Amino acid sequence: NYGLDAGQISFLKSAAARSNAVVAVLGNAYAMAPFCNAPALLVTYESDTVAERIAAEVILGKRPAPGRLPVTPCAGLQGATGAVSTPQS
C-alpha cells in the first residue's frame, strides 16, 4: 500500500473515478495499481519538491511528459506505453 491505509485508498479511488481526475503518483509506479481506472495517471518516480513542481507543470500543460512506463503496474496498462504530451501554447 506504499504507506496508504484502507481509508486513504478508498477516498483516493472515489476521487480518481471522477471524469476530470488526474492521479499523480510521486514515487513507485506500482503504487498506481489501485487507481488504474483513473482517466489520467502521472508517475514521477521521485517524491521530492522538484518532482512535485514538475508534476504540477505537466498537469497544467506547461511542460511535456515524454516518458513511457518501463513497468506494467495495471493489467490494462502495459509497460512501454503512455501518452506523450506537449505543452499548451
# chains A, B, ... in the order shown; residues from 1 in each chain; ligands from 1

$ residues_around --residues "segment 6-23 of chain A" --least-positions-apart "4" --cutoff "9 Å" --atoms "only C-alpha atoms" --output "list in words"
Asn1, Met32, Pro34, Phe35, Cys36, Asn37, Ala38, Pro39, Ala40, Leu41, Leu42, Val43 and Ile59 of chain A

$ write_last_selection --atoms "N, CA and C atoms" --output "PDB file, in the first residue's frame"
ATOM      1  N   ASN A   1       0.796  -1.201   0.000  1.00  0.00           N
ATOM      2  CA  ASN A   1       0.000   0.000   0.000  1.00  0.00           C
ATOM      3  C   ASN A   1       0.840   1.268   0.000  1.00  0.00           C
ATOM      4  N   MET A  32       0.408   3.010  -8.302  1.00  0.00           N
ATOM      5  CA  MET A  32      -0.785   3.435  -9.040  1.00  0.00           C
ATOM      6  C   MET A  32      -1.782   2.300  -9.236  1.00  0.00           C
ATOM      7  N   PRO A  34      -3.985   0.685  -7.462  1.00  0.00           N
ATOM      8  CA  PRO A  34      -5.388   0.844  -7.058  1.00  0.00           C
ATOM      9  C   PRO A  34      -6.164   1.876  -7.886  1.00  0.00           C
ATOM     10  N   PHE A  35      -5.452   2.656  -8.698  1.00  0.00           N
ATOM     11  CA  PHE A  35      -6.076   3.768  -9.416  1.00  0.00           C
ATOM     12  C   PHE A  35      -6.030   3.585 -10.929  1.00  0.00           C
ATOM     13  N   CYS A  36      -5.906   2.367 -11.383  1.00  0.00           N
ATOM     14  CA  CYS A  36      -5.744   2.092 -12.811  1.00  0.00           C
ATOM     15  C   CYS A  36      -6.919   2.560 -13.659  1.00  0.00           C
ATOM     16  N   ASN A  37      -8.076   2.754 -13.053  1.00  0.00           N
ATOM     17  CA  ASN A  37      -9.240   3.195 -13.814  1.00  0.00           C
ATOM     18  C   ASN A  37      -9.374   4.712 -13.881  1.00  0.00           C
ATOM     19  N   ALA A  38      -8.430   5.436 -13.323  1.00  0.00           N
ATOM     20  CA  ALA A  38      -8.483   6.906 -13.368  1.00  0.00           C
ATOM     21  C   ALA A  38      -8.355   7.367 -14.818  1.00  0.00           C
ATOM     22  N   PRO A  39      -8.979   8.488 -15.172  1.00  0.00           N
ATOM     23  CA  PRO A  39      -8.901   8.968 -16.554  1.00  0.00           C
ATOM     24  C   PRO A  39      -7.494   9.419 -16.963  1.00  0.00           C
ATOM     25  N   ALA A  40      -6.669   9.802 -15.995  1.00  0.00           N
ATOM     26  CA  ALA A  40      -5.302  10.231 -16.311  1.00  0.00           C
ATOM     27  C   ALA A  40      -4.385   9.858 -15.151  1.00  0.00           C
ATOM     28  N   LEU A  41      -3.232   9.306 -15.500  1.00  0.00           N
ATOM     29  CA  LEU A  41      -2.235   8.907 -14.500  1.00  0.00           C
ATOM     30  C   LEU A  41      -0.895   9.547 -14.837  1.00  0.00           C
ATOM     31  N   LEU A  42      -0.170   9.987 -13.819  1.00  0.00           N
ATOM     32  CA  LEU A  42       1.152  10.567 -13.981  1.00  0.00           C
ATOM     33  C   LEU A  42       2.046   9.965 -12.915  1.00  0.00           C
ATOM     34  N   VAL A  43       3.220   9.493 -13.305  1.00  0.00           N
ATOM     35  CA  VAL A  43       4.188   8.945 -12.356  1.00  0.00           C
ATOM     36  C   VAL A  43       5.473   9.753 -12.466  1.00  0.00           C
ATOM     37  N   ILE A  59       0.610  18.670 -15.353  1.00  0.00           N
ATOM     38  CA  ILE A  59      -0.847  18.658 -15.234  1.00  0.00           C
ATOM     39  C   ILE A  59      -1.457  19.949 -15.784  1.00  0.00           C
TER      40      ILE A  59
END

$ select_by_dssp --residues "chain A" --states "alpha helix (DSSP H)" --output "JSON, numbers by chain"
{"A": [6, 7, 8, 9, 10, 11, 12, 13, 14, 15, 16, 49, 50, 51, 52, 53, 54, 55, 56, 57, 58, 59]}

$ write_last_selection --atoms "C-alpha atoms" --output "mmCIF file, in the first residue's frame"
data_model
loop_
_atom_site.group_PDB
_atom_site.id
_atom_site.type_symbol
_atom_site.label_atom_id
_atom_site.label_comp_id
_atom_site.auth_asym_id
_atom_site.auth_seq_id
_atom_site.Cartn_x
_atom_site.Cartn_y
_atom_site.Cartn_z
ATOM 1 C CA ALA A 6 -7.527 1.394 3.563
ATOM 2 C CA GLY A 7 -9.456 4.611 4.244
ATOM 3 C CA GLN A 8 -6.999 6.714 2.250
ATOM 4 C CA ILE A 9 -7.071 4.284 -0.672
ATOM 5 C CA SER A 10 -10.877 4.266 -0.613
ATOM 6 C CA PHE A 11 -11.006 8.075 -0.663
ATOM 7 C CA LEU A 12 -8.452 8.301 -3.466
ATOM 8 C CA LYS A 13 -10.288 5.655 -5.520
ATOM 9 C CA SER A 14 -13.526 7.626 -5.314
ATOM 10 C CA ALA A 15 -11.709 10.850 -6.256
ATOM 11 C CA ALA A 16 -9.917 9.076 -9.125
ATOM 12 C CA THR A 49 9.803 19.151 -4.203
ATOM 13 C CA VAL A 50 11.278 19.155 -7.713
ATOM 14 C CA ALA A 51 9.058 16.213 -8.733
ATOM 15 C CA GLU A 52 6.030 17.935 -7.185
ATOM 16 C CA ARG A 53 6.686 21.151 -9.126
ATOM 17 C CA ILE A 54 7.256 19.342 -12.418
ATOM 18 C CA ALA A 55 4.144 17.170 -11.924
ATOM 19 C CA ALA A 56 2.082 20.325 -11.411
ATOM 20 C CA GLU A 57 3.571 21.859 -14.569
ATOM 21 C CA VAL A 58 2.722 18.722 -16.571
ATOM 22 C CA ILE A 59 -0.847 18.658 -15.234
#

$ atom_distance --atom1 "atom CA of Gly67 of chain A" --atom2 "atom CA of Ser47 of chain A"
16.8 Å

$ select_by_dssp --residues "chain A" --states "strand (DSSP E)" --output "NGL selection string"
:A and (23-25 or 41-43)
